[in-house]
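Beneath this line is the structure, given in structure tokens, with notes to follow.
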Amino acid sequence: MTSVSIHIDCIDVSLEKGPDIVDITPELHRIVQDSRISAGTLNATMIGSTGSLTTIEFEPGAVADLKQAVNRLAPPEEQYAHELAWHDGNGHSHVQAALMGPSISLPVRAGQLRLGTWQQAVAINHDIGARVRKIEVTVIGVR
Amino acid sequence: MTSVSIHIDCIDVSLEKGPDIVDITPELHRIVQDSRISAGTLNATMIGSTGSLTTIEFEPGAVADLKQAVNRLAPPEEQYAHELAWHDGNGHSHVQAALMGPSISLPVRAGQLRLGTWQQAVAINHDIGARVRKIEVTVIGVR
Amino acid sequence: MTSVSIHIDCIDVSLEKGPDIVDITPELHRIVQDSRISAGTLNATMIGSTGSLTTIEFEPGAVADLKQAVNRLAPPEEQYAHELAWHDGNGHSHVQAALMGPSISLPVRAGQLRLGTWQQAVAINHDIGARVRKIEVTVIGVR
């Protein structure tokens, strides 16, 4: 029987003022190759409560549309209870990130990250300033 | 010590014009049984950027309600930047799918997929035409 | 080579009438310590179709903001097809939970659950009455 292996990694992503959306697929591909895992699962988690992860077709139009939709979920110009206490102006950022969720699980097949042809993994910064975000990545599977 | 095993599978799901929602619980149950894994986790990922996965009580009313809510998140009749470039009429599909997210993680306990009594795993097609969707499934645990 | 281990656990969380949001980070920390796993991934899944999991900065303001946003996604006072059949008044609860999603994956690093400093894992009850919710937790990694 082939035994199950694990590979741990972490990527730093520079993001502009939110909502900013960056393609992290190349970094995830590199991690899968480093892991030498041929079949299994990759779990990625955004560290920090004003960021999120998802997948989308990473082309400028769809990215602009997603930014607009995210700002409809929790509009920056509304009043937030978070700001009454903290006055840091990012109440909407917390709500947007919590609604989107911090994590995704993606398949590893034939030694590659398996996504659709027009499907990319993306990191989103919802905060009101530029941020370098940490994304923790765990790959589990057989070599 | 019992060693950890992995089982890899993939299901094809036929979906109508979006938003269409199909119960994939029977297929996931079958995969868990094939895996002979008694305790662990099942990760499922929608391949393609206009589909998503979640859980819901799969009865016609709740399914109709979810379709309506999904169309409120990104209404098909609005203007999307994606369509200015691609003219394929599915700008809303990309946004809906990215907001919902591509993946779910479900527990395997006592050799069965563990869900609530009225909780089913579902695949959603957000695209403007019928699609056969691939869902990659990875089960990790002890036999 | 160090072999991969698995640790299975389950927590019960008491939640008030939805939307109610409870910090489950202490329970997850305890489970990670019990697991003696030093590096890997923790998957948590809400059992039941009117609950969900995510992360947020768990302070009263952000929590109140998220409750409001969740009720905007599927307002309790609207008409739902689910209720025409079931008359249980929780049509919005099913939609909210399905949009949020049932599961999160969080990293385990240096024997600890790795989250941002102001990032907590939370369980959400979307239902119209108080509930004790089961959350199944699977930790996979190396000891």
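By convention in this document, the chains of the structure tokens carry letters A, B, ... by their order, each chain's residues are numbered from 1, and ligands are numbered from 1 in the order they are shown.
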Sorted by chain and rising residue number, list the residues of chain A at most 10 Å from chain C (counting only C-alpha atoms), each with its closest atom pair and distance in Å to one decimal, as CSV.
```
residue,atom,partner,partner_atom,distance
A:Ser3,CA,C:Ser3,CA,7.7
A:Val4,CA,C:Val4,CA,6.3
A:Ser5,CA,C:Val4,CA,6.3
A:Ile6,CA,C:Gly141,CA,6.8
A:His7,CA,C:Gly40,CA,8.2
A:Ile8,CA,C:Gly40,CA,7.2
A:Leu42,CA,C:Thr41,CA,9.8
A:Asn43,CA,C:Ser105,CA,6.7
A:Ala44,CA,C:Ser105,CA,7.6
A:Thr45,CA,C:Leu106,CA,6.1
A:Met46,CA,C:Leu115,CA,8.5
A:Ile47,CA,C:Gly116,CA,5.0
A:Gly48,CA,C:Gly116,CA,4.3
A:Ser49,CA,C:Gln119,CA,4.9
A:Thr50,CA,C:Ile56,CA,7.9
A:Gly51,CA,C:Ile56,CA,9.9
A:Ser52,CA,C:Thr55,CA,9.7
A:Leu73,CA,C:Ala69,CA,7.2
A:Ala74,CA,C:Ala69,CA,6.8
A:Gln79,CA,C:Asp65,CA,9.0
A:Tyr80,CA,C:Asp65,CA,6.0
A:Ala81,CA,C:Gly61,CA,4.4
A:His82,CA,C:Gly61,CA,3.9
A:Glu83,CA,C:Gly61,CA,7.3
A:Leu84,CA,C:Gly61,CA,7.5
A:Ala85,CA,C:Gly61,CA,7.0
A:Trp86,CA,C:Gly61,CA,8.7
A:Asn90,CA,C:Ala62,CA,9.7
A:Gly91,CA,C:Ala62,CA,6.6
A:His92,CA,C:Asp65,CA,8.1
A:Ser93,CA,C:Ala62,CA,9.6
A:His94,CA,C:Ile56,CA,6.5
A:Val95,CA,C:Leu66,CA,5.3
A:Gln96,CA,C:Leu66,CA,8.6
A:Ala97,CA,C:Ile56,CA,7.6
A:Ala98,CA,C:Ile56,CA,5.5
A:Leu99,CA,C:Met100,CA,6.1
A:Met100,CA,C:Met100,CA,7.4
A:Gly101,CA,C:Thr54,CA,5.6
A:Pro102,CA,C:Thr55,CA,6.6
A:Ser103,CA,C:Ser105,CA,5.7
A:Ile104,CA,C:Ser105,CA,7.2
A:Ser105,CA,C:Ser105,CA,7.7
A:Lys134,CA,C:Gly116,CA,9.2
A:Ile135,CA,C:Pro107,CA,9.5
A:Glu136,CA,C:Pro107,CA,6.5
A:Val137,CA,C:Pro107,CA,7.5
A:Thr138,CA,C:Gly40,CA,6.3
A:Val139,CA,C:Gly40,CA,8.5
A:Ile140,CA,C:Gly141,CA,8.3
A:Gly141,CA,C:Val4,CA,9.8
```
Test item, strand (DSSP E or B) assignment across segment 7-132 of chain A, answer as a PyMOL selection string: chain A and resi 7-15+20-23+39-47+51-56+103-109+112-113+120-125+131-132
So how many Å separate atom CA of Arg131 of chain B and atom CA of Ile21 of chain B, to one decimal? 11.8 Å
Give me, as a PyMOL selection string, the residues of segment 57-137 of chain B that a backbone DSSP run labels alpha helix (DSSP H). chain B and resi 60-73+81-86+91-100
Take the residues that were just selected and, keeping N, CA, C and O atoms, output them as a compact mmCIF listing (two decimals), in the first residue's frame.
```txt
# COMPACT_ATOMS: atom_id res chain seq x y z
N PRO B 60 -38.22 20.79 -2.97
CA PRO B 60 -38.46 21.76 -4.06
C PRO B 60 -38.56 23.21 -3.59
O PRO B 60 -38.07 24.11 -4.28
N GLY B 61 -39.18 23.44 -2.42
CA GLY B 61 -39.33 24.81 -1.95
C GLY B 61 -38.00 25.47 -1.63
O GLY B 61 -37.67 26.55 -2.15
N ALA B 62 -37.19 24.84 -0.80
CA ALA B 62 -35.90 25.42 -0.41
C ALA B 62 -34.99 25.58 -1.63
O ALA B 62 -34.24 26.55 -1.74
N VAL B 63 -35.09 24.63 -2.57
CA VAL B 63 -34.28 24.72 -3.78
C VAL B 63 -34.70 25.93 -4.62
O VAL B 63 -33.86 26.69 -5.13
N ALA B 64 -36.01 26.16 -4.75
CA ALA B 64 -36.51 27.33 -5.48
C ALA B 64 -36.08 28.62 -4.79
O ALA B 64 -35.70 29.60 -5.44
N ASP B 65 -36.14 28.62 -3.46
CA ASP B 65 -35.73 29.81 -2.69
C ASP B 65 -34.25 30.12 -2.90
O ASP B 65 -33.86 31.28 -3.04
N LEU B 66 -33.41 29.06 -2.91
CA LEU B 66 -31.98 29.28 -3.09
C LEU B 66 -31.69 29.81 -4.50
O LEU B 66 -30.87 30.72 -4.67
N LYS B 67 -32.40 29.29 -5.51
CA LYS B 67 -32.21 29.80 -6.88
C LYS B 67 -32.50 31.29 -6.94
O LYS B 67 -31.76 32.06 -7.57
N GLN B 68 -33.58 31.69 -6.28
CA GLN B 68 -33.95 33.10 -6.29
C GLN B 68 -32.90 33.96 -5.59
O GLN B 68 -32.52 35.03 -6.08
N ALA B 69 -32.41 33.47 -4.46
CA ALA B 69 -31.41 34.23 -3.69
C ALA B 69 -30.11 34.36 -4.48
O ALA B 69 -29.45 35.41 -4.46
N VAL B 70 -29.74 33.29 -5.17
CA VAL B 70 -28.52 33.30 -5.98
C VAL B 70 -28.65 34.33 -7.11
O VAL B 70 -27.70 35.05 -7.43
N ASN B 71 -29.83 34.43 -7.68
CA ASN B 71 -30.05 35.42 -8.73
C ASN B 71 -30.16 36.84 -8.19
O ASN B 71 -29.99 37.80 -8.94
N ARG B 72 -30.41 36.98 -6.90
CA ARG B 72 -30.34 38.31 -6.28
C ARG B 72 -28.89 38.73 -6.05
O ARG B 72 -28.57 39.92 -6.12
N LEU B 73 -28.03 37.78 -5.73
CA LEU B 73 -26.60 38.09 -5.49
C LEU B 73 -25.98 38.72 -6.73
O LEU B 73 -25.14 39.63 -6.62
N ALA B 81 -19.07 43.56 -16.77
CA ALA B 81 -17.85 43.88 -17.52
C ALA B 81 -17.34 42.66 -18.29
O ALA B 81 -16.76 42.78 -19.36
N HIS B 82 -17.56 41.47 -17.72
CA HIS B 82 -17.14 40.23 -18.39
C HIS B 82 -17.75 40.14 -19.79
O HIS B 82 -17.10 39.66 -20.73
N GLU B 83 -18.97 40.62 -19.94
CA GLU B 83 -19.67 40.47 -21.21
C GLU B 83 -19.22 41.49 -22.25
O GLU B 83 -19.35 41.24 -23.45
N LEU B 84 -18.70 42.62 -21.79
CA LEU B 84 -18.19 43.61 -22.73
C LEU B 84 -17.05 43.00 -23.55
O LEU B 84 -16.88 43.28 -24.72
N ALA B 85 -16.26 42.15 -22.90
CA ALA B 85 -15.14 41.52 -23.59
C ALA B 85 -15.54 40.23 -24.29
O ALA B 85 -15.08 39.93 -25.39
N TRP B 86 -16.43 39.44 -23.67
CA TRP B 86 -16.63 38.06 -24.13
C TRP B 86 -17.99 37.83 -24.77
O TRP B 86 -18.18 36.83 -25.46
N GLY B 91 -21.86 36.72 -17.46
CA GLY B 91 -21.16 37.50 -16.44
C GLY B 91 -21.69 37.22 -15.04
O GLY B 91 -20.91 37.04 -14.09
N HIS B 92 -23.02 37.16 -14.92
CA HIS B 92 -23.61 36.90 -13.60
C HIS B 92 -23.24 35.51 -13.10
O HIS B 92 -23.12 35.29 -11.89
N SER B 93 -23.07 34.55 -14.01
CA SER B 93 -22.75 33.17 -13.62
C SER B 93 -21.40 33.11 -12.91
O SER B 93 -21.25 32.42 -11.88
N HIS B 94 -20.42 33.82 -13.46
CA HIS B 94 -19.10 33.85 -12.84
C HIS B 94 -19.15 34.46 -11.44
O HIS B 94 -18.52 33.96 -10.51
N VAL B 95 -19.89 35.55 -11.30
CA VAL B 95 -19.97 36.22 -10.01
C VAL B 95 -20.68 35.34 -8.98
O VAL B 95 -20.21 35.16 -7.85
N GLN B 96 -21.80 34.76 -9.38
CA GLN B 96 -22.55 33.89 -8.45
C GLN B 96 -21.67 32.74 -7.96
O GLN B 96 -21.64 32.43 -6.76
N ALA B 97 -20.97 32.09 -8.89
CA ALA B 97 -20.16 30.93 -8.53
C ALA B 97 -19.01 31.32 -7.60
O ALA B 97 -18.72 30.61 -6.63
N ALA B 98 -18.38 32.46 -7.88
CA ALA B 98 -17.26 32.91 -7.03
C ALA B 98 -17.74 33.25 -5.63
O ALA B 98 -17.04 32.99 -4.64
N LEU B 99 -18.94 33.82 -5.52
CA LEU B 99 -19.48 34.15 -4.19
C LEU B 99 -19.84 32.88 -3.41
O LEU B 99 -19.68 32.84 -2.19
N MET B 100 -20.35 31.87 -4.09
CA MET B 100 -20.74 30.63 -3.41
C MET B 100 -19.52 29.80 -3.01
O MET B 100 -19.53 29.16 -1.96
```
Who sits within 10 Å of Gly111 of chain B, only C-alpha atoms, same chain under 6 positions skipped, as a PyMOL selection string: chain B and resi 29+32-40+142-143
Just to be explicit: take each residue in the selection above, keep all heavy atoms, and write the result as a PDB file, in the first residue's frame.
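Now in out19.pdb:
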```
ATOM      1  N   HIS B  29     -22.250   9.260  -1.175  1.00  0.00           N
ATOM      2  CA  HIS B  29     -22.409   8.068  -0.337  1.00  0.00           C
ATOM      3  C   HIS B  29     -21.741   6.851  -0.993  1.00  0.00           C
ATOM      4  O   HIS B  29     -21.038   6.083  -0.339  1.00  0.00           O
ATOM      5  CB  HIS B  29     -23.901   7.761  -0.121  1.00  0.00           C
ATOM      6  CG  HIS B  29     -24.503   8.467   1.041  1.00  0.00           C
ATOM      7  ND1 HIS B  29     -24.020   8.343   2.319  1.00  0.00           N
ATOM      8  CD2 HIS B  29     -25.559   9.319   1.127  1.00  0.00           C
ATOM      9  CE1 HIS B  29     -24.754   9.082   3.150  1.00  0.00           C
ATOM     10  NE2 HIS B  29     -25.683   9.705   2.449  1.00  0.00           N
ATOM     11  N   VAL B  32     -17.973   7.087  -0.731  1.00  0.00           N
ATOM     12  CA  VAL B  32     -17.501   6.767   0.624  1.00  0.00           C
ATOM     13  C   VAL B  32     -17.511   5.254   0.837  1.00  0.00           C
ATOM     14  O   VAL B  32     -16.563   4.693   1.399  1.00  0.00           O
ATOM     15  CB  VAL B  32     -18.349   7.492   1.697  1.00  0.00           C
ATOM     16  CG1 VAL B  32     -18.037   6.952   3.088  1.00  0.00           C
ATOM     17  CG2 VAL B  32     -18.098   8.997   1.634  1.00  0.00           C
ATOM     18  N   GLN B  33     -18.549   4.582   0.367  1.00  0.00           N
ATOM     19  CA  GLN B  33     -18.590   3.124   0.514  1.00  0.00           C
ATOM     20  C   GLN B  33     -17.490   2.458  -0.296  1.00  0.00           C
ATOM     21  O   GLN B  33     -16.819   1.543   0.198  1.00  0.00           O
ATOM     22  CB  GLN B  33     -19.969   2.606   0.120  1.00  0.00           C
ATOM     23  CG  GLN B  33     -21.025   3.137   1.105  1.00  0.00           C
ATOM     24  CD  GLN B  33     -22.295   2.328   1.078  1.00  0.00           C
ATOM     25  OE1 GLN B  33     -22.729   1.870   0.043  1.00  0.00           O
ATOM     26  NE2 GLN B  33     -22.909   2.177   2.253  1.00  0.00           N
ATOM     27  N   ASP B  34     -17.281   2.905  -1.532  1.00  0.00           N
ATOM     28  CA  ASP B  34     -16.192   2.358  -2.354  1.00  0.00           C
ATOM     29  C   ASP B  34     -14.836   2.539  -1.681  1.00  0.00           C
ATOM     30  O   ASP B  34     -13.934   1.716  -1.842  1.00  0.00           O
ATOM     31  CB  ASP B  34     -16.131   3.063  -3.720  1.00  0.00           C
ATOM     32  CG  ASP B  34     -17.279   2.644  -4.634  1.00  0.00           C
ATOM     33  OD1 ASP B  34     -18.036   1.727  -4.253  1.00  0.00           O
ATOM     34  OD2 ASP B  34     -17.407   3.236  -5.719  1.00  0.00           O
ATOM     35  N   SER B  35     -14.679   3.644  -0.956  1.00  0.00           N
ATOM     36  CA  SER B  35     -13.380   3.971  -0.347  1.00  0.00           C
ATOM     37  C   SER B  35     -13.038   3.038   0.811  1.00  0.00           C
ATOM     38  O   SER B  35     -11.879   2.928   1.192  1.00  0.00           O
ATOM     39  CB  SER B  35     -13.379   5.408   0.164  1.00  0.00           C
ATOM     40  OG  SER B  35     -14.101   5.513   1.381  1.00  0.00           O
ATOM     41  N   ARG B  36     -14.058   2.398   1.395  1.00  0.00           N
ATOM     42  CA  ARG B  36     -13.902   1.579   2.605  1.00  0.00           C
ATOM     43  C   ARG B  36     -13.239   2.362   3.749  1.00  0.00           C
ATOM     44  O   ARG B  36     -12.677   1.776   4.673  1.00  0.00           O
ATOM     45  CB  ARG B  36     -13.129   0.285   2.295  1.00  0.00           C
ATOM     46  CG  ARG B  36     -13.922  -0.623   1.335  1.00  0.00           C
ATOM     47  CD  ARG B  36     -13.206  -1.903   1.026  1.00  0.00           C
ATOM     48  NE  ARG B  36     -11.971  -1.654   0.291  1.00  0.00           N
ATOM     49  CZ  ARG B  36     -10.758  -1.954   0.714  1.00  0.00           C
ATOM     50  NH1 ARG B  36     -10.575  -2.582   1.868  1.00  0.00           N
ATOM     51  NH2 ARG B  36      -9.689  -1.662  -0.018  1.00  0.00           N
ATOM     52  N   ILE B  37     -13.308   3.702   3.685  1.00  0.00           N
ATOM     53  CA  ILE B  37     -12.780   4.530   4.776  1.00  0.00           C
ATOM     54  C   ILE B  37     -13.872   4.672   5.830  1.00  0.00           C
ATOM     55  O   ILE B  37     -15.026   4.977   5.515  1.00  0.00           O
ATOM     56  CB  ILE B  37     -12.289   5.887   4.231  1.00  0.00           C
ATOM     57  CG1 ILE B  37     -10.934   5.674   3.552  1.00  0.00           C
ATOM     58  CG2 ILE B  37     -12.195   6.936   5.344  1.00  0.00           C
ATOM     59  CD1 ILE B  37     -10.415   6.825   2.761  1.00  0.00           C
ATOM     60  N   SER B  38     -13.500   4.415   7.084  1.00  0.00           N
ATOM     61  CA  SER B  38     -14.519   4.429   8.144  1.00  0.00           C
ATOM     62  C   SER B  38     -14.602   5.777   8.843  1.00  0.00           C
ATOM     63  O   SER B  38     -15.674   6.162   9.314  1.00  0.00           O
ATOM     64  CB  SER B  38     -14.235   3.326   9.167  1.00  0.00           C
ATOM     65  OG  SER B  38     -13.003   3.568   9.813  1.00  0.00           O
ATOM     66  N   ALA B  39     -13.483   6.499   8.923  1.00  0.00           N
ATOM     67  CA  ALA B  39     -13.499   7.799   9.610  1.00  0.00           C
ATOM     68  C   ALA B  39     -12.491   8.732   8.957  1.00  0.00           C
ATOM     69  O   ALA B  39     -11.321   8.373   8.789  1.00  0.00           O
ATOM     70  CB  ALA B  39     -13.160   7.626  11.091  1.00  0.00           C
ATOM     71  N   GLY B  40     -12.963   9.920   8.596  1.00  0.00           N
ATOM     72  CA  GLY B  40     -12.075  10.873   7.944  1.00  0.00           C
ATOM     73  C   GLY B  40     -12.851  12.020   7.349  1.00  0.00           C
ATOM     74  O   GLY B  40     -13.873  12.447   7.913  1.00  0.00           O
ATOM     75  N   VAL B 142      -9.083   6.657   7.887  1.00  0.00           N
ATOM     76  CA  VAL B 142      -8.651   5.306   8.250  1.00  0.00           C
ATOM     77  C   VAL B 142      -9.714   4.283   7.839  1.00  0.00           C
ATOM     78  O   VAL B 142     -10.905   4.563   7.911  1.00  0.00           O
ATOM     79  CB  VAL B 142      -8.375   5.186   9.772  1.00  0.00           C
ATOM     80  CG1 VAL B 142      -7.070   5.896  10.127  1.00  0.00           C
ATOM     81  CG2 VAL B 142      -9.518   5.744  10.600  1.00  0.00           C
ATOM     82  N   ARG B 143      -9.248   3.132   7.399  1.00  0.00           N
ATOM     83  CA  ARG B 143     -10.179   2.075   6.970  1.00  0.00           C
ATOM     84  C   ARG B 143     -10.672   1.291   8.176  1.00  0.00           C
ATOM     85  O   ARG B 143     -10.215   1.459   9.289  1.00  0.00           O
ATOM     86  CB  ARG B 143      -9.470   1.132   5.992  1.00  0.00           C
ATOM     87  CG  ARG B 143      -9.100   1.840   4.689  1.00  0.00           C
ATOM     88  CD  ARG B 143      -9.497   1.022   3.469  1.00  0.00           C
ATOM     89  NE  ARG B 143      -9.551   1.869   2.264  1.00  0.00           N
ATOM     90  CZ  ARG B 143      -8.541   2.039   1.384  1.00  0.00           C
ATOM     91  NH1 ARG B 143      -7.405   1.438   1.606  1.00  0.00           N
ATOM     92  NH2 ARG B 143      -8.695   2.799   0.325  1.00  0.00           N
TER      93      ARG B 143
END
```
So how far away is atom CA of Ser14 of chain A from atom CA of Thr25 of chain C, in Å? 27.2 Å
